[in-house]
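A short write-up of the structure that comes next.
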Amino acid sequence: MDIILNQYYLQIAVFVLVNAILGVSIYMTLSTGQLSLGNAGFMSIGAYTCAILTVKAGFPVYLAIPIGGIAASFISVIIGFPALRLTGIYLAIATLGFGEVVRVIVLNLKVTNGALGISGIPTLGTKISKMMSSLGLPQSFGGLSAQQTSTLLVLLVLLLTLAFLVFFCTRLNRSRVGRAFAAIKADESAAEAMGINTTFYKLLAFALGALIAGIAGGLSAHLTFFIGPKDFAYHRTVEILLYAVLGGSDLVVGPIIGALLLTLLPELLRSASNYRLMIYGALLVTMMAFRPQGLISEETVRYWKGKLGRRRNQ
Amino acid sequence: MFWQQLVNGLTLGSTYSLVALGYTLIMGVLNIINMAHGEIFMIGAFVGLYLVTYLKVNIFVAMAGAMVASALLGCLMEVLALRPLRRKAVSHLAPLISTIGVSIFLESLALNIFGPQSQAFPTELATVQMQLGPIRITLVQIVILGISFGLMFVLRFWLAKTRVGKAIRTTAENIETANLLGINTNKIIFLTVALASGLGGIAGVLVGLSFNAVEPTMGLSMGLKGLAVLILGGMGNITGAMLGGLILGIAEVFTVAYGASSYRDAVAFGMIILILFIRPQGLFGKRQGGRF
């Protein structure tokens with residue numbers, strides 16, 4: 001039991017789940033065919049809002065994380081309104097610029113503690129085990145140590161969040177809103193001619209993406225004990241983009257698989273850690289050249305469904 | 001004080017213009033944003049630095065070397081990362097993502113080869129100063145101003161008057177029509193990418209000289225500034241890129257001189273967001289078409 005549940009593996013599982021949530025956030029904006037490169041910026045807003053609320057204002061964590069998400073989403077509406085009138089490339093650059101502006105502002109404000117970042121953020125694990133003991137429950141179950149129990153509970157919280165997001169996205173795809181997103185992605189002018197308010201739906205997708213990124217930011221702040229402006233720089237954006245590019249952005253599972261692979265890969269290739277970014281770069285170029293739709297597209301799913309279905313019929 | 005800052009701003013701005021010209025040329029002809037341009041600029045700076053440090057060549061020879069090296073790198077990128085995408089119908093975001101891949105590959109490569117520390121040019125150009133009325137100008141600044149303005153004027157003339165320049169402008173206007181008119185568009189694309197990257201390489205050496213520091217991360221920050229100028233001046237607009245770069249350089253220098261020095265890097269993107277609010281087509285852009 002201890003071999004499977006050692007702290008290192010559990011920690012990696014936690015990161016996989018947080019990155020998967022980030023993958024869902026970029027999926028959300030990509031589902032209208034808009035490429036937003038500002039997800040690291042939104043994540044930063046969520047993380048800092050949340051950390052400041054819990055560390056300096058003493059808010060409970062379960063309130064601070066959603067507030068962080070809402071703050072990110074609020075800002076995204078403000079900058080999204082002018083930016084979304086623009087076509088794809090303009091939006092990508094405007095959001096990239098937005099991420100840089102957020103980084104510079106965070107670096108200069110007093111409340112964010114500049115380049116030093118905020119440390120001593122209470123971790124989700126200790127919060128949960130405190131809550132458990134206040135409810136009179138034991139701090140550990142069935143031979144697990146207290147630390148293992150709390151990390152497993154954190155994993156459970158993250159898993160539930162991710163499961164809820166996946167459920168939300170699959171339901172969304174069958175709703176009026178989801179159909180509007182798909183129509184805009186397929187052809188924006190045609191969608192507009194059909195009477196879809198494209199600006200509204202694009203803004204909605206953008207704000208939802210920012211909300212999810214903000215929540216992921218808040219969660220990551222409460223998992224790592226420390227946040228600094230460097231955690232949310234350009235490279236983080238590229239990493240989030242890679243989840244969608246590698247996994248595919250047609251279906252919500254795509255970015256999640258992408259996040260899983262790209263979080264596990266560096267752990268397996270520890271010895272090649274200096275070359276990690278080189279591998280990422282080469283991966284982006286080759287994916288675009290050979291499989292621009294990502295590993296998992298709708299055709300892949302249909303193909304496997306057909307294959308498995310035929311076998312069942314025989 | 002004011003005139004001194006103006007000269008400093010113009011010097012900085014002229015390097016931004018050179019970088020932005022690279023973006024603009026590629027944007028005009030290929031209709032894509034080359035996110036790897038900043039890293040090509042950085043590699044150019046390193047090539048120049050190593051030529052000066054180890055082969056002890058003249059700084060102008062080093063610039064030519066940097067230009068050739070980054071032009072070759074640009075061609076390599078065009079063959080490996082851009083050409084495969086043109087063959088099939090992919091989303092217009094694919095080349096953007098592909099060049100982002102090239103950019104992080106090159107940055108990481110430079111980190112592994114050259115190391116993360118910043119390195120300086122061994123020349124004494126920076127210490128030679130001249131007094132012109134109220135302005136104190138260093139020899140480096142004169143070199144930078146001379147070379148960048150010279151290159152900009154040559155490029156303008158070349159695009160406007162020569163046969164090849166006209167072919168480039170035709171390709172930028174409409175690539176299919178250019179093909180029908182008997183222009184070898186593949187060759188023109190190659191030439192444009194090489195030219196844009198070469199300009200980036202020279203700009204790299206100039207910036208390395210003026211800050212007396214060359215480091216692997218300089219590509220990212222410069223690349224972002226170049227993008228800002230691209231939006232500021234209007235996409236694919238040569239005049240816009242030249243003037244936009246100067247405006248950004250002057251704005252940055254004055255921000256530092258009159259107070260908010262720590263917000264220097266936010267100026268560029270503050271301007272972009274402002275421009276996108278007021279005039280999304282850029283300061284010098286037209287609403288529809290009409291490139292160069």
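Residues are referred to by chain and number: the chain letter is A, B, ... according to the order shown in the structure tokens, the number counts from 1 in that chain, and ligands are numbered separately from 1 in the order shown.
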
Show me a table, sorted first by chain and then by increasing residue number, of the residues of chain A having an atom at most 7 Å from chain B, each with its shortest atom pair and the distance in Å to one decimal, counting only C-alpha atoms and written as JSON lines.
```
{"residue": "A:Pro82", "atom": "CA", "partner": "B:Phe277", "partner_atom": "CA", "distance": 5.7}
{"residue": "A:Ala83", "atom": "CA", "partner": "B:Leu276", "partner_atom": "CA", "distance": 6.8}
{"residue": "A:Ala94", "atom": "CA", "partner": "B:Ile273", "partner_atom": "CA", "distance": 6.7}
{"residue": "A:Gly97", "atom": "CA", "partner": "B:Phe269", "partner_atom": "CA", "distance": 5.2}
{"residue": "A:Phe98", "atom": "CA", "partner": "B:Phe269", "partner_atom": "CA", "distance": 6.9}
{"residue": "A:Val101", "atom": "CA", "partner": "B:Ala266", "partner_atom": "CA", "distance": 5.3}
{"residue": "A:Val104", "atom": "CA", "partner": "B:Ala266", "partner_atom": "CA", "distance": 6.1}
{"residue": "A:Asn108", "atom": "CA", "partner": "B:Ser262", "partner_atom": "CA", "distance": 6.9}
{"residue": "A:Leu277", "atom": "CA", "partner": "B:Ser108", "partner_atom": "CA", "distance": 5.9}
{"residue": "A:Met278", "atom": "CA", "partner": "B:Phe105", "partner_atom": "CA", "distance": 4.3}
{"residue": "A:Gly281", "atom": "CA", "partner": "B:Gly101", "partner_atom": "CA", "distance": 3.9}
{"residue": "A:Ala282", "atom": "CA", "partner": "B:Gly101", "partner_atom": "CA", "distance": 6.2}
{"residue": "A:Leu284", "atom": "CA", "partner": "B:Gly101", "partner_atom": "CA", "distance": 4.9}
{"residue": "A:Val285", "atom": "CA", "partner": "B:Ser98", "partner_atom": "CA", "distance": 4.6}
{"residue": "A:Met288", "atom": "CA", "partner": "B:Ser98", "partner_atom": "CA", "distance": 6.0}
{"residue": "A:Ala289", "atom": "CA", "partner": "B:Pro84", "partner_atom": "CA", "distance": 5.7}
```

Stretch 125-133 of chain A environment, 10 Å, only C-alpha atoms, sequence neighbours closer than 4 positions dropped, as a PDB file with C-alpha atoms, in the first residue's frame:
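part-v5.pdb was written with the following content:
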```pdb
ATOM      1  CA  PRO A  60     -12.137  30.193   4.339  1.00  0.00           C
ATOM      2  CA  VAL A  61     -10.623  28.307   1.404  1.00  0.00           C
ATOM      3  CA  TYR A  62     -13.882  26.994  -0.006  1.00  0.00           C
ATOM      4  CA  LEU A 137     -13.519  12.184  12.535  1.00  0.00           C
ATOM      5  CA  PRO A 138     -10.207  10.359  12.904  1.00  0.00           C
ATOM      6  CA  GLN A 139      -7.266  11.834  10.966  1.00  0.00           C
ATOM      7  CA  SER A 140      -6.404   8.567   9.289  1.00  0.00           C
ATOM      8  CA  ALA A 146      -2.383  11.213   8.378  1.00  0.00           C
ATOM      9  CA  GLN A 147      -0.522  12.770   5.471  1.00  0.00           C
ATOM     10  CA  GLN A 148      -1.638  10.098   3.020  1.00  0.00           C
ATOM     11  CA  THR A 149      -5.229  10.488   4.116  1.00  0.00           C
ATOM     12  CA  SER A 150      -5.207  14.246   3.653  1.00  0.00           C
ATOM     13  CA  THR A 151      -3.543  14.014   0.215  1.00  0.00           C
ATOM     14  CA  LEU A 152      -6.033  11.378  -0.842  1.00  0.00           C
ATOM     15  CA  LEU A 153      -8.867  13.656   0.248  1.00  0.00           C
ATOM     16  CA  VAL A 154      -7.327  16.514  -1.743  1.00  0.00           C
ATOM     17  CA  LEU A 155      -7.193  14.186  -4.727  1.00  0.00           C
ATOM     18  CA  VAL A 157     -11.752  17.078  -4.134  1.00  0.00           C
ATOM     19  CA  HIS A 222      -3.466  26.085  -2.056  1.00  0.00           C
ATOM     20  CA  LEU A 223      -1.540  23.044  -3.152  1.00  0.00           C
TER      21      LEU A 223
END
```

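Atom CA of A:Ala163 to atom CA of A:Ile21 spans 9.6 Å [interatomic distance, one decimal].
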
Spatial neighbours of stretch 119-121 of chain B, 6 Å, only C-alpha atoms, chain gap at least 5 places, as a list of chain:residue names: B:Asn212, B:Ala213, B:Val214

So that I have them on file, write out the residues from the current selection with N, CA and C atoms, as a JSON list (two decimals), in the first residue's frame.
```json
[["chain", "number", "residue", "atom", "x", "y", "z"],
["B", 212, "ASN", "N", 24.61, 45.94, -23.91],
["B", 212, "ASN", "CA", 25.82, 45.20, -23.59],
["B", 212, "ASN", "C", 25.50, 43.91, -22.85],
["B", 213, "ALA", "N", 24.44, 43.23, -23.28],
["B", 213, "ALA", "CA", 24.07, 41.98, -22.66],
["B", 213, "ALA", "C", 23.35, 41.12, -23.68],
["B", 214, "VAL", "N", 23.79, 39.86, -23.79],
["B", 214, "VAL", "CA", 23.14, 38.91, -24.68],
["B", 214, "VAL", "C", 22.77, 37.70, -23.84]]
```

Which residues come within 12 Å of B:Leu206, counting only C-alpha atoms, excluding same-chain residues fewer than 6 positions away, as a PDB file with C-alpha atoms, in the first residue's frame?
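File written: part_35.pdb
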```pdb
ATOM      1  CA  THR B  11      17.791  54.499 -30.563  1.00  0.00           C
ATOM      2  CA  LEU B  12      15.715  51.953 -28.684  1.00  0.00           C
ATOM      3  CA  GLY B  13      12.777  52.483 -31.006  1.00  0.00           C
ATOM      4  CA  SER B  14      14.813  51.947 -34.156  1.00  0.00           C
ATOM      5  CA  THR B  15      15.769  48.458 -32.950  1.00  0.00           C
ATOM      6  CA  TYR B  16      12.097  47.749 -32.230  1.00  0.00           C
ATOM      7  CA  LEU B  18      13.854  46.469 -37.224  1.00  0.00           C
ATOM      8  CA  VAL B  19      12.345  43.591 -35.268  1.00  0.00           C
ATOM      9  CA  PHE B  41      16.778  37.594 -33.173  1.00  0.00           C
ATOM     10  CA  MET B  42      18.371  36.125 -30.029  1.00  0.00           C
ATOM     11  CA  GLY B  44      21.542  36.310 -34.269  1.00  0.00           C
ATOM     12  CA  ALA B  45      22.797  38.209 -31.225  1.00  0.00           C
ATOM     13  CA  PHE B  46      24.686  35.150 -29.979  1.00  0.00           C
ATOM     14  CA  GLY B  48      27.422  38.093 -33.505  1.00  0.00           C
ATOM     15  CA  LEU B  49      28.754  37.904 -29.957  1.00  0.00           C
ATOM     16  CA  ILE B  59      31.716  44.414 -35.377  1.00  0.00           C
ATOM     17  CA  PHE B  60      30.328  45.066 -38.862  1.00  0.00           C
ATOM     18  CA  ALA B  62      29.919  40.137 -37.070  1.00  0.00           C
ATOM     19  CA  MET B  63      26.643  41.797 -38.021  1.00  0.00           C
ATOM     20  CA  ALA B  64      26.866  40.376 -41.522  1.00  0.00           C
ATOM     21  CA  ALA B  66      24.646  37.223 -37.704  1.00  0.00           C
ATOM     22  CA  MET B  67      22.462  38.223 -40.616  1.00  0.00           C
ATOM     23  CA  PHE B 121      30.422  42.340 -26.063  1.00  0.00           C
ATOM     24  CA  LEU B 125      32.169  51.282 -28.611  1.00  0.00           C
ATOM     25  CA  ALA B 126      29.940  51.976 -25.612  1.00  0.00           C
ATOM     26  CA  LEU B 139      29.274  55.622 -30.582  1.00  0.00           C
ATOM     27  CA  VAL B 140      27.031  52.566 -30.135  1.00  0.00           C
ATOM     28  CA  GLN B 141      23.960  54.741 -30.424  1.00  0.00           C
ATOM     29  CA  ILE B 142      25.279  56.303 -33.619  1.00  0.00           C
ATOM     30  CA  VAL B 143      25.984  52.865 -35.083  1.00  0.00           C
ATOM     31  CA  ILE B 144      22.511  51.651 -34.139  1.00  0.00           C
ATOM     32  CA  LEU B 145      20.731  54.712 -35.488  1.00  0.00           C
ATOM     33  CA  GLY B 146      22.786  54.685 -38.694  1.00  0.00           C
ATOM     34  CA  ILE B 147      22.374  51.008 -39.440  1.00  0.00           C
ATOM     35  CA  SER B 148      18.706  50.718 -38.593  1.00  0.00           C
ATOM     36  CA  LEU B 199      16.928  41.832 -40.264  1.00  0.00           C
ATOM     37  CA  GLY B 200      16.092  40.173 -36.937  1.00  0.00           C
ATOM     38  CA  ASN B 212      25.819  45.202 -23.588  1.00  0.00           C
ATOM     39  CA  ALA B 213      24.069  41.976 -22.655  1.00  0.00           C
ATOM     40  CA  VAL B 214      23.137  38.906 -24.676  1.00  0.00           C
TER      41      VAL B 214
END
```

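In this structure, atom CA of A:Ala115 sits 15.0 Å away from atom CA of A:Ala47.
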
Residues near stretch 254-259 of chain B, cut-off 9 Å, only C-alpha atoms, skip fewer than 5 positions along chain, as a PyMOL selection string: chain B and resi 2+5-6+9+249+264+267

Take the selection from the previous step and output its residues with C-alpha atoms, as a compact mmCIF listing (two decimals), in the first residue's frame.
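Wrote it out as again.txt, contents follow:
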```
# COMPACT_ATOMS: atom_id res chain seq x y z
CA PHE B 2 14.18 66.02 -22.93
CA GLN B 5 15.74 61.10 -23.67
CA LEU B 6 14.39 61.60 -27.17
CA GLY B 9 14.10 56.65 -27.23
CA GLY B 249 10.74 53.16 -27.98
CA ARG B 264 8.40 49.78 -18.47
CA VAL B 267 3.90 50.09 -21.69
```

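Comparing A:Gly23, A:Gly214, A:Pro229, A:Gly306 by their smallest distance to A:Val252, the closest is A:Gly23 (using only C-alpha atoms).
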